[in-house]
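What follows is a single structure, written as structure tokens, with notes after it.
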Amino acid sequence: MELKKFQDLIDMCIKAKECNRDIALELTVPGQEETEIIIVKNSNLDYKLDYYCKNYNDNLELNRCKDIKILKAEIVMWDTMLCQYKINFK
């Protein structure tokens, strides 16, 4: 889901916590053509959300480097995704 404002990220993290799911974030990377995907496991969501609240602005840009921006977020099941990968690519 494309994020429009910081509150969208907060809402998604709350929903993921309630569902016992993880979050996949897509971010811009300075100097790179492609974006980066980060998985935040459910047990780390509170910590990471606190970090994002302290370090990102309402436009989802990192305060100390506006070239780093959170673009999208999805609720995922990382362990299930990893198991599927291992099965398909032995």
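Residue numbering restarts at 1 for every chain of the structure tokens, chains are lettered A, B, ... in their displayed order, and ligands are numbered from 1 as they appear.
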So that I can check the surroundings of Lys4 of chain A, please list as JSON, numbers by chain every protein, DNA and RNA residue that reaches within 12 Å of it, counting only C-alpha atoms and ignoring chain neighbours fewer than 3 positions away. {"A": [1, 7, 8, 9, 10, 11, 57, 58, 59, 60, 61, 69, 70, 71, 72, 73]}
Backbone-only DSSP, strand (DSSP E) members of chain A, as an mmCIF file with C-alpha atoms, in the first residue's frame:
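Listed below is the output, selection.cif:
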```cif
data_model
loop_
_atom_site.group_PDB
_atom_site.id
_atom_site.type_symbol
_atom_site.label_atom_id
_atom_site.label_comp_id
_atom_site.auth_asym_id
_atom_site.auth_seq_id
_atom_site.Cartn_x
_atom_site.Cartn_y
_atom_site.Cartn_z
ATOM 1 C CA ASP A 22 5.147 -8.411 10.179
ATOM 2 C CA ILE A 23 5.577 -5.310 8.011
ATOM 3 C CA ALA A 24 7.468 -4.976 4.736
ATOM 4 C CA LEU A 25 8.587 -1.410 3.975
ATOM 5 C CA GLU A 26 9.801 -0.040 0.654
ATOM 6 C CA LEU A 27 12.235 2.864 0.997
ATOM 7 C CA GLU A 36 15.048 -1.212 -0.764
ATOM 8 C CA ILE A 37 12.690 -3.580 1.055
ATOM 9 C CA ILE A 38 12.958 -3.934 4.815
ATOM 10 C CA ILE A 39 11.078 -6.521 6.868
ATOM 11 C CA VAL A 40 10.163 -5.529 10.416
ATOM 12 C CA GLU A 61 11.225 11.300 5.032
ATOM 13 C CA LEU A 62 14.181 10.688 7.322
ATOM 14 C CA CYS A 65 18.458 12.786 5.020
ATOM 15 C CA LYS A 66 15.328 13.637 3.030
ATOM 16 C CA ASP A 67 16.526 11.334 0.228
ATOM 17 C CA ILE A 68 15.510 8.386 2.422
ATOM 18 C CA LYS A 69 11.755 8.056 2.301
ATOM 19 C CA ILE A 70 9.284 5.313 3.171
ATOM 20 C CA LEU A 71 7.159 4.772 0.063
ATOM 21 C CA LYS A 72 5.036 1.716 0.715
ATOM 22 C CA ALA A 73 4.190 -0.742 3.455
ATOM 23 C CA GLU A 74 2.483 -4.119 3.475
ATOM 24 C CA ILE A 75 1.444 -6.470 6.230
ATOM 25 C CA VAL A 76 3.201 -9.779 5.609
#
```
Check segment 54-85 of chain A with DSSP on the backbone and list each residue it calls helix (DSSP H, G or I), as a list of chain:residue names. A:Lys54, A:Asn55, A:Trp78, A:Asp79, A:Thr80, A:Met81, A:Leu82, A:Cys83, A:Gln84, A:Tyr85
I'd like the interatomic distance between atom CA of Glu2 of chain A and atom CA of Asn88 of chain A, to a tenth of an Å. 28.4 Å
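You will find atom CA of Ser43 of chain A at 28.2 Å from atom CA of Pro30 of chain A.
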Test item: residues at most 9 Å from Arg21 of chain A, only C-alpha atoms, excluding those fewer than 2 positions along its chain, as a PDB file with C-alpha atoms, in the first residue's frame:
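The resulting file, out34.pdb, is shown below:
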```pdb
ATOM      1  CA  LYS A  15      -3.059  -3.484  12.544  1.00  0.00           C
ATOM      2  CA  ALA A  16      -0.034  -5.763  12.080  1.00  0.00           C
ATOM      3  CA  LYS A  17       0.438  -5.965  15.850  1.00  0.00           C
ATOM      4  CA  GLU A  18      -3.231  -6.895  16.297  1.00  0.00           C
ATOM      5  CA  CYS A  19      -2.945  -9.636  13.636  1.00  0.00           C
ATOM      6  CA  ILE A  23       5.577  -5.310   8.011  1.00  0.00           C
ATOM      7  CA  LYS A  41       9.181  -8.583  12.406  1.00  0.00           C
ATOM      8  CA  ASN A  42       6.190  -8.305  14.698  1.00  0.00           C
ATOM      9  CA  ILE A  75       1.444  -6.470   6.230  1.00  0.00           C
ATOM     10  CA  VAL A  76       3.201  -9.779   5.609  1.00  0.00           C
ATOM     11  CA  MET A  77       3.961 -13.138   7.189  1.00  0.00           C
ATOM     12  CA  TRP A  78       7.737 -13.244   6.874  1.00  0.00           C
TER      13      TRP A  78
END
```
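If you look at atom CA of Ile14 of chain A and atom CA of Tyr52 of chain A, they are 13.6 Å away from each other.
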